[in-house]
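work18.txt (compact mmCIF, C-alpha atoms and all ligand atoms) appears below.
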```txt
# COMPACT_ATOMS: atom_id res chain seq x y z
CA MET A 23 39.40 39.53 45.06
CA THR A 24 37.76 41.48 42.24
CA GLY A 25 40.75 43.16 40.61
CA ILE A 26 40.46 46.92 41.06
CA GLN A 27 39.95 47.62 44.77
CA ALA A 28 37.99 50.61 46.04
CA GLY A 29 39.18 52.78 48.98
CA PRO A 30 41.94 55.28 49.66
CA SER A 31 44.66 53.27 47.86
CA ALA A 32 42.43 52.71 44.84
CA PRO A 33 43.98 53.54 41.46
CA ARG A 34 42.87 56.89 40.01
CA THR A 35 44.41 57.33 36.58
CA ALA A 36 44.07 55.20 33.45
CA GLY A 37 47.71 54.09 33.86
CA GLU A 38 47.17 53.00 37.46
CA VAL A 39 43.95 51.14 36.64
CA LEU A 40 45.70 49.46 33.75
CA ALA A 41 48.65 48.35 35.90
CA ARG A 42 46.35 47.02 38.63
CA SER A 43 44.19 45.13 36.11
CA ARG A 44 47.21 43.59 34.42
CA GLU A 45 48.61 42.38 37.76
CA PHE A 46 45.21 40.92 38.65
CA PHE A 47 45.00 39.06 35.34
CA GLU A 48 48.53 37.73 35.88
CA THR A 49 47.48 36.25 39.22
CA ARG A 50 44.52 34.67 37.42
CA GLY A 51 46.86 33.05 34.89
CA LEU A 52 45.35 34.66 31.78
CA GLU A 53 47.30 34.05 28.60
CA SER A 54 47.63 37.72 27.56
CA PRO A 55 47.16 39.77 30.75
CA ARG A 56 48.56 43.01 29.35
CA MET A 57 46.54 42.99 26.14
CA GLU A 58 43.28 42.02 27.84
CA ALA A 59 43.78 44.73 30.47
CA GLU A 60 44.41 47.30 27.73
CA LEU A 61 41.32 46.27 25.79
CA LEU A 62 38.99 46.23 28.79
CA VAL A 63 40.23 49.39 30.52
CA GLY A 64 40.28 51.18 27.17
CA HIS A 65 36.72 50.01 26.53
CA ALA A 66 35.58 51.34 29.91
CA ILE A 67 36.77 54.83 29.00
CA GLY A 68 36.02 54.73 25.29
CA LEU A 69 39.60 54.53 24.03
CA ASP A 70 41.41 52.04 21.84
CA ARG A 71 44.76 50.61 22.97
CA LEU A 72 46.80 53.36 21.35
CA GLY A 73 44.50 56.08 22.68
CA LEU A 74 44.81 54.61 26.14
CA TYR A 75 48.60 54.93 26.07
CA LEU A 76 48.29 58.57 25.07
CA GLU A 77 46.10 59.26 28.11
CA LEU A 78 47.71 57.24 30.90
CA ASP A 79 47.64 60.21 33.30
CA ARG A 80 43.96 60.89 32.75
CA PRO A 81 41.88 60.38 35.92
CA LEU A 82 38.82 58.14 35.52
CA ASP A 83 35.46 59.58 36.56
CA SER A 84 33.31 57.47 38.85
CA LYS A 85 31.21 55.98 36.03
CA GLU A 86 34.29 54.95 34.07
CA MET A 87 35.84 53.48 37.22
CA ASP A 88 32.70 51.42 37.95
CA THR A 89 32.65 50.12 34.38
CA ALA A 90 36.36 49.21 34.49
CA ARG A 91 35.95 47.50 37.85
CA ASP A 92 32.97 45.49 36.57
CA LEU A 93 34.68 44.40 33.32
CA VAL A 94 37.92 43.42 35.04
CA SER A 95 36.10 41.52 37.75
CA ARG A 96 33.97 39.60 35.22
CA ARG A 97 37.04 38.75 33.15
CA GLY A 98 38.72 37.49 36.33
CA LYS A 99 35.75 35.16 36.83
CA GLY A 100 36.16 33.74 33.34
CA GLU A 101 33.90 35.71 30.98
CA PRO A 102 35.66 35.95 27.62
CA THR A 103 37.04 39.37 26.74
CA ALA A 104 35.31 39.31 23.36
CA TYR A 105 31.88 38.94 25.00
CA LEU A 106 32.70 41.74 27.45
CA LEU A 107 33.77 44.04 24.64
CA GLY A 108 30.99 42.83 22.34
CA TYR A 109 33.35 42.24 19.42
CA ARG A 110 36.38 40.35 18.13
CA GLU A 111 38.71 41.24 15.27
CA PHE A 112 38.87 38.78 12.38
CA TYR A 113 40.87 39.30 9.18
CA GLY A 114 41.30 42.97 10.10
CA ARG A 115 37.60 43.64 10.63
CA ARG A 116 35.50 43.97 13.75
CA PHE A 117 32.76 41.35 14.22
CA GLU A 118 30.05 41.74 16.80
CA VAL A 119 29.79 38.71 19.08
CA GLY A 120 27.69 37.79 22.08
CA PRO A 121 26.62 34.74 24.03
CA GLY A 122 25.06 32.39 21.47
CA VAL A 123 27.76 32.89 18.90
CA LEU A 124 31.26 31.41 18.76
CA ILE A 125 34.09 33.91 19.13
CA PRO A 126 36.08 33.88 15.85
CA ARG A 127 39.54 32.34 16.27
CA PRO A 128 42.72 33.52 14.53
CA GLU A 129 43.42 30.04 13.10
CA THR A 130 40.19 30.28 11.07
CA GLU A 131 41.81 33.03 8.98
CA LEU A 132 43.71 30.23 7.23
CA LEU A 133 40.42 29.04 5.72
CA VAL A 134 39.79 32.50 4.28
CA ASP A 135 43.35 32.69 2.88
CA ARG A 136 42.88 29.37 1.14
CA ALA A 137 39.39 30.30 -0.16
CA ARG A 138 40.90 33.40 -1.75
CA ALA A 139 43.65 31.37 -3.37
CA ILE A 140 41.16 28.84 -4.77
CA ALA A 141 38.88 31.58 -6.08
CA GLU A 142 41.80 33.03 -8.00
CA GLU A 143 42.45 29.63 -9.58
CA LEU A 144 38.82 29.07 -10.64
CA GLU A 145 38.17 29.85 -14.26
CA PRO A 146 35.32 32.31 -14.77
CA GLN A 147 32.23 30.24 -15.53
CA LYS A 148 31.29 30.29 -19.17
CA VAL A 149 27.67 29.35 -18.61
CA VAL A 150 25.99 31.66 -16.17
CA GLY A 151 22.84 30.43 -14.54
CA ALA A 152 24.00 29.04 -11.25
CA PHE A 153 21.68 31.31 -9.35
CA VAL A 154 21.51 30.11 -5.77
CA ALA A 155 17.88 30.17 -4.74
CA GLY A 156 17.20 32.11 -1.58
CA VAL A 157 20.31 34.27 -1.67
CA SER A 158 18.55 37.26 -3.08
CA ASP A 159 15.22 38.12 -4.63
CA GLN A 160 17.00 39.52 -7.63
CA PRO A 161 18.79 37.27 -10.10
CA ALA A 162 22.44 38.22 -10.12
CA THR A 163 24.11 39.96 -12.99
CA PRO A 164 26.52 37.74 -14.97
CA GLU A 165 29.46 39.43 -13.24
CA GLU A 166 28.15 38.39 -9.86
CA ARG A 167 27.36 34.79 -10.69
CA ARG A 168 30.80 33.49 -11.11
CA ILE A 169 31.62 31.71 -7.85
CA THR A 170 28.82 30.12 -5.84
CA ALA A 171 29.73 29.50 -2.22
CA CYS A 172 28.28 28.52 1.10
CA ASP A 173 29.44 28.69 4.70
CA ILE A 174 27.96 25.91 6.83
CA GLY A 175 27.75 26.94 10.49
CA THR A 176 28.38 30.62 9.94
CA GLY A 177 28.14 31.76 13.59
CA SER A 178 29.16 35.44 13.66
CA GLY A 179 29.47 35.27 9.87
CA CYS A 180 33.22 35.85 10.08
CA ILE A 181 34.06 33.42 7.23
CA ALA A 182 31.12 34.17 4.92
CA ILE A 183 31.34 37.94 5.33
CA THR A 184 35.10 38.12 4.94
CA VAL A 185 35.06 35.97 1.81
CA ALA A 186 32.15 37.97 0.36
CA LEU A 187 34.02 41.21 1.01
CA GLU A 188 37.35 39.96 -0.29
CA LEU A 189 35.97 38.28 -3.42
CA ALA A 190 33.69 40.37 -5.57
CA LEU A 191 32.70 37.41 -7.74
CA VAL A 192 31.35 35.32 -4.89
CA ARG A 193 27.70 34.64 -4.25
CA MET A 194 27.67 33.31 -0.72
CA LEU A 195 24.98 31.60 1.30
CA ALA A 196 25.64 31.74 5.06
CA ILE A 197 23.87 28.95 6.96
CA ASP A 198 23.38 28.29 10.64
CA ILE A 199 20.99 26.12 12.57
CA CYS A 200 20.91 28.65 15.40
CA PRO A 201 18.67 31.70 14.77
CA ASP A 202 20.52 33.80 17.37
CA ALA A 203 23.82 33.25 15.59
CA LEU A 204 22.28 34.09 12.24
CA ALA A 205 20.82 37.31 13.65
CA ILE A 206 24.30 38.42 14.74
CA ALA A 207 25.78 37.42 11.37
CA LYS A 208 23.17 39.61 9.64
CA VAL A 209 24.05 42.56 11.87
CA ASN A 210 27.73 42.07 11.02
CA ALA A 211 26.97 41.92 7.29
CA GLU A 212 25.05 45.18 7.59
CA THR A 213 27.72 46.93 9.68
CA LEU A 214 30.50 45.79 7.37
CA GLU A 215 28.44 46.82 4.34
CA VAL A 216 28.53 43.56 2.42
CA PRO A 217 26.73 44.10 -0.91
CA LYS A 218 23.39 42.27 -0.66
CA SER A 219 23.92 40.62 -4.04
CA ARG A 220 26.97 38.78 -2.67
CA LEU A 221 25.61 37.35 0.58
CA GLY A 222 22.41 35.67 1.70
CA PHE A 223 21.39 33.85 4.89
CA LYS A 224 19.42 30.71 5.69
CA CYS A 225 18.54 29.19 9.02
CA GLY A 226 18.54 25.39 9.10
CA ASP A 227 20.61 22.27 8.93
CA GLY A 228 23.62 22.80 6.65
CA PHE A 229 23.13 19.69 4.53
CA GLU A 230 19.42 20.27 4.02
CA VAL A 231 19.82 23.94 3.12
CA VAL A 232 22.59 23.32 0.59
CA ALA A 233 20.67 20.47 -1.02
CA LYS A 234 17.69 22.75 -1.52
CA ALA A 235 19.40 26.03 -2.34
CA ALA A 236 22.13 24.63 -4.58
CA PRO A 237 20.97 21.28 -6.01
CA LYS A 238 23.87 21.33 -8.47
CA GLY A 239 26.37 22.05 -5.73
CA VAL A 240 28.56 25.07 -4.99
CA ASP A 241 32.00 26.09 -6.20
CA LEU A 242 33.30 26.82 -2.72
CA LEU A 243 32.02 24.95 0.29
CA LEU A 244 33.38 26.46 3.49
CA SER A 245 32.83 25.24 7.02
CA ASN A 246 34.25 25.53 10.49
CA PRO A 247 31.93 22.94 12.02
CA PRO A 248 31.66 21.91 15.66
CA TYR A 249 34.43 19.34 16.12
CA ILE A 250 34.95 18.80 19.85
CA ASP A 251 34.14 15.39 21.25
CA ILE A 252 31.79 15.90 24.19
CA ASP A 253 33.51 13.03 26.03
CA ASP A 254 36.97 14.58 25.60
CA GLN A 255 36.91 18.08 27.02
CA THR A 256 40.26 17.92 28.82
CA HIS A 257 42.08 20.21 26.39
CA ILE A 258 39.34 22.88 26.30
CA ALA A 259 39.74 25.94 28.55
CA GLY A 260 37.14 26.33 31.29
CA ASP A 261 36.16 29.80 29.98
CA VAL A 262 35.29 28.33 26.61
CA LEU A 263 33.23 25.48 28.02
CA GLU A 264 31.38 27.70 30.42
CA HIS A 265 30.58 30.60 28.10
CA GLU A 266 30.57 29.64 24.44
CA PRO A 267 27.54 27.92 22.85
CA ARG A 268 27.62 24.15 23.12
CA ARG A 269 26.07 23.72 19.67
CA ALA A 270 29.05 25.60 18.22
CA LEU A 271 31.61 23.50 20.09
CA PHE A 272 30.50 19.90 20.27
CA SER A 273 30.26 17.55 17.35
CA PRO A 274 27.04 15.57 16.90
CA LYS A 275 26.86 12.11 18.47
CA GLY A 276 30.22 12.50 20.23
CA ASP A 277 31.87 11.96 16.85
CA PRO A 278 34.50 14.70 16.21
CA ASP A 279 34.85 13.69 12.55
CA TYR A 280 31.09 13.77 11.86
CA TRP A 281 31.09 16.92 9.71
CA ALA A 282 34.38 16.44 7.88
CA ARG A 283 33.50 12.82 7.09
CA LEU A 284 29.97 13.51 5.87
CA LEU A 285 31.04 16.52 3.82
CA MET A 286 33.72 14.37 2.20
CA GLU A 287 31.35 11.45 1.58
CA ARG A 288 28.70 13.72 0.04
CA ARG A 289 31.15 15.84 -1.97
CA ALA A 290 29.76 14.84 -5.39
CA ARG A 291 26.34 16.23 -4.44
CA LEU A 292 27.59 19.27 -2.55
CA LEU A 293 30.19 20.51 -5.02
CA THR A 294 30.08 21.52 -8.68
CA PRO A 295 32.54 19.61 -10.88
CA ARG A 296 35.12 22.37 -10.39
CA GLY A 297 34.15 22.91 -6.74
CA ARG A 298 36.44 22.74 -3.70
CA ALA A 299 35.59 22.25 -0.04
CA LEU A 300 37.49 23.72 2.91
CA VAL A 301 36.71 22.33 6.35
CA GLU A 302 38.43 23.39 9.56
CA LEU A 303 39.72 20.55 11.73
CA GLY A 304 40.44 20.03 15.42
CA PHE A 305 44.10 19.54 16.36
CA ASP A 306 44.02 15.71 16.22
CA GLN A 307 41.59 14.99 13.38
CA ALA A 308 43.92 14.97 10.36
CA PRO A 309 45.39 11.43 10.68
CA ARG A 310 41.93 9.86 10.90
CA LEU A 311 40.66 11.80 7.89
CA GLU A 312 43.78 10.99 5.88
CA LYS A 313 43.15 7.30 6.51
CA LEU A 314 39.49 7.65 5.58
CA ALA A 315 40.41 9.46 2.37
CA ARG A 316 42.95 6.75 1.48
CA ASP A 317 40.42 3.98 2.13
CA HIS A 318 37.89 5.69 -0.16
CA GLY A 319 40.36 6.87 -2.78
CA VAL A 320 39.59 10.56 -2.19
CA GLU A 321 42.31 13.08 -2.95
CA ILE A 322 42.67 15.53 -0.11
CA GLN A 323 45.05 18.24 1.03
CA ILE A 324 45.71 19.18 4.62
CA HIS A 325 46.96 22.70 5.40
CA GLU A 326 48.77 23.61 8.61
CA ASP A 327 48.03 26.73 10.65
CA LEU A 328 50.71 29.13 11.94
CA ASN A 329 51.32 26.83 14.93
CA GLY A 330 52.04 23.88 12.66
CA ILE A 331 48.73 22.18 13.52
CA PRO A 332 47.04 20.37 10.61
CA ARG A 333 44.02 22.66 10.59
CA LEU A 334 42.34 22.67 7.23
CA LEU A 335 40.97 19.85 5.09
CA GLU A 336 40.57 20.50 1.36
CA PHE A 337 39.02 18.28 -1.26
CA GLY A 338 37.30 18.55 -4.62
CA HIS A 339 34.27 17.07 -6.38
C1 LIG A 401 32.48 26.15 15.38
S1 LIG A 401 31.13 27.26 15.11
C2 LIG A 401 31.77 28.21 13.77
C3 LIG A 401 31.29 29.63 13.75
C4 LIG A 401 32.01 30.52 12.71
N1 LIG A 401 31.89 29.98 11.38
C5 LIG A 401 33.47 30.68 13.08
O1 LIG A 401 34.32 30.13 12.38
O2 LIG A 401 33.77 31.38 14.06
C6 LIG A 401 29.98 26.15 14.38
C7 LIG A 401 28.61 26.73 14.01
O3 LIG A 401 27.84 25.67 13.41
C8 LIG A 401 26.48 25.82 13.77
N2 LIG A 401 25.81 24.53 13.57
C9 LIG A 401 25.79 23.45 14.40
N3 LIG A 401 25.09 22.45 13.83
C10 LIG A 401 24.67 22.88 12.61
C11 LIG A 401 23.90 22.32 11.57
N4 LIG A 401 23.43 21.07 11.64
N5 LIG A 401 23.68 23.07 10.47
C12 LIG A 401 24.14 24.33 10.36
N6 LIG A 401 24.86 24.93 11.34
C13 LIG A 401 25.14 24.22 12.44
C14 LIG A 401 26.55 26.32 15.20
O4 LIG A 401 25.35 26.97 15.58
C15 LIG A 401 27.77 27.26 15.15
O5 LIG A 401 27.37 28.59 14.89
```

Represent the structure of the file as structure tokens.
Amino acid sequence: MTGIQAGPSAPRTAGEVLARSREFFETRGLESPRMEAELLVGHAIGLDRLGLYLELDRPLDSKEMDTARDLVSRRGKGEPTAYLLGYREFYGRRFEVGPGVLIPRPETELLVDRARAIAEELEPQKVVGAFVAGVSDQPATPEERRITACDIGTGSGCIAITVALELALVRMLAIDICPDALAIAKVNAETLEVPKSRLGFKCGDGFEVVAKAAPKGVDLLLSNPPYIDIDDQTHIAGDVLEHEPRRALFSPKGDPDYWARLLMERRARLLTPRGRALVELGFDQAPRLEKLARDHGVEIQIHEDLNGIPRLLEFGH
């Protein structure tokens, strides 16, 4: 079964195609069958969800019908809607995504909220001179130098770009080890018109790049690192495992706490004296990191996401 059948009883109008697609997604057990049907059918005929509802009686031409049939069928086989559409919304903006880059998740918006709150608390730097090498060819003006930041594992750039757009005083370095991801992040920065003085990009290992680009540390260290244990994939949806990049999902060495632990252990080198780090966590990581922090006498905060899951680790210099 592919979803939208051809033949004499085939749906003709946008409303009929939508209804058929939604029913098909329900039989496939998708979490949001109605919304995904609206997005994909709308995409096939060049309409957003609202536009689609205004044109439910509109007949689809054969090209639109073929496109809708193809998208719905591929979704039914597990391809993520965001890859089929080519974008995902994050913090109210549209980010291009494609195979090779993680699809931004709504829970990651918490990290941006917290970064904004911290930035508001940071005193403007009295001594300017914290120019982050490699961010731009031009030294920043004093206004622009106030908050140095980096995003380790930027993927689509959703964190780095959003923070750079929301906070005019940030000078952000977006880092990813994967060149394909970084290429998409650069496209997103261009499309979303991030001022070049606020955001730069570097390909490489997060620790190495930060050590080189910001030897005195950064004021805001942001990261949603890979935190899934490769030996414990039971709670991960098949679609995710099959389609999203493994380097974005799985922690190194089968150790889900690898990034959070190392970032915490190396905090004095990575952060300026006033600096704060925000690291996204998997659903079961917090208790282990709380114990680690206690054992090492590190003060941390854990923030919960909207589902009450301890999602965000915060610590200072
Ligand atoms: C979980 S994804 C996060 C993507 C994006 N920041 C987001 O929140 O949607 C993790 C990212 O870390 C990158 N990555 C993995 N190992 C890395 C390393 N050693 N240094 C820098 N980036 C790394 C992956 O390529 C991937 O893009």

Please, which residues are within 12 Å of (31.6, 13.1, 7.9) by the file's coordinates, counting all atoms listed in the file, and could they come as a list in words?
->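 Protein and nucleic acid residues near the point are Phe229, Pro247, Pro248, Tyr249, Ser273, Pro274, Lys275, Asp277, Pro278, Asp279, Tyr280, Trp281, Ala282, Arg283, Leu284, Leu285, Met286, Glu287, Arg288, Arg289, Val301, Leu303, Gln307, Arg310, Leu311, Leu314, Ala315 and Leu335 of chain A.
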
Rank nothing, just name the residue among A:Gly228, A:Pro237, A:Gly29, A:Pro295 nearest to ligand LIG 401 (chain A), using only C-alpha atoms and all ligand atoms.
->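 Once distances to ligand LIG 401 (chain A) are computed over only C-alpha atoms and all ligand atoms, the minimum belongs to A:Gly228.
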
Report, as AutoDock Vina command-line options, the axis-aligned box around all atoms of ligand LIG 401 (chain A) present in the file, extended by 8 Å on each side; give centre and edge lengths in Å to one decimal place.
```
--center_x 28.9 --center_y 26.2 --center_z 13.0 --size_x 26.9 --size_y 26.3 --size_z 21.2
```

Nearest to ligand LIG 401 (chain A) among A:Glu336, A:Asp327, A:Glu264, A:Glu111, with distances taken over all atoms listed in the file: which residue is it?
->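 Selected residue with least distance to ligand LIG 401 (chain A): A:Glu111.
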
Quick one: everything within 6 Å of Ile199 in chain A, counting all atoms listed in the file, minus sequence neighbours fewer than 3 positions away in the same chain. Send it as a PDB file with C-alpha atoms, in the coordinates of the input.
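Full text of result.pdb as output:
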```pdb
ATOM      1  CA  CYS A 225      18.540  29.190   9.020  1.00  0.00           C
ATOM      2  CA  GLY A 226      18.540  25.390   9.100  1.00  0.00           C
ATOM      3  CA  ASP A 227      20.610  22.270   8.930  1.00  0.00           C
TER       4      ASP A 227
END
```

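Using all atoms listed in the file, the shortest contact distance between ligand LIG 401 (chain A) and any of A:Gly319, A:Gly338, A:Gly175, A:Pro309 is found at A:Gly175.
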
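CA of Arg115 in chain A to CA of His325 in chain A spans 23.5 Å [interatomic distance, one decimal].
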
Within 7 Å of ligand LIG 401 (chain A) (only C-alpha atoms and all ligand atoms), residues as a VMD selection string = chain A and resid 123 to 127 130 174 to 181 197 to 200 203 226 to 229 245 to 248 269 to 271

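For the residues A:Lys313, A:Phe47, A:Ser84, A:Glu230, ranking by smallest atom-to-atom distance to Arg34 in chain A using only C-alpha atoms places A:Ser84 first.
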
Quick one, how far is CA of Ile206 in chain A from CA of Phe223 in chain A?
-> 11.2 Å

For the atom pair CA of Asp306 in chain A and CA of Leu132 in chain A, what is the interatomic distance in Å to one decimal place?
->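 Taking CA of Asp306 in chain A as the start and CA of Leu132 in chain A as the end point, the length is 17.1 Å.
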
Determine the nearest neighbour of Pro102 in chain A from the options A:Leu328, A:Glu58, A:Leu189, A:Arg42, counting all atoms listed in the file.
->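 Looking at the shortest contact to Pro102 in chain A, the residue is A:Glu58.
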
Could you check which residues have any atom within 7 Å of (38.1, 37.1, -8.4), counting only C-alpha atoms with coordinates taken straight from the file, and then list them as a short mmCIF file (atom, residue, chain, number, x, y, z; two decimals) with C-alpha atoms, keeping the file's coordinate frame?
```cif
data_model
loop_
_atom_site.label_atom_id
_atom_site.label_comp_id
_atom_site.auth_asym_id
_atom_site.auth_seq_id
_atom_site.Cartn_x
_atom_site.Cartn_y
_atom_site.Cartn_z
CA ALA A 141 38.88 31.58 -6.08
CA GLU A 142 41.80 33.03 -8.00
CA LEU A 189 35.97 38.28 -3.42
CA ALA A 190 33.69 40.37 -5.57
CA LEU A 191 32.70 37.41 -7.74
#
```

Looking at A:Ala59, A:Val119, A:Ala171, A:Ala41, which one is nearest to Pro267 in chain A, with distances taken over all atoms listed in the file?
->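 Residue with the minimum atom-to-atom distance to Pro267 in chain A: A:Val119.
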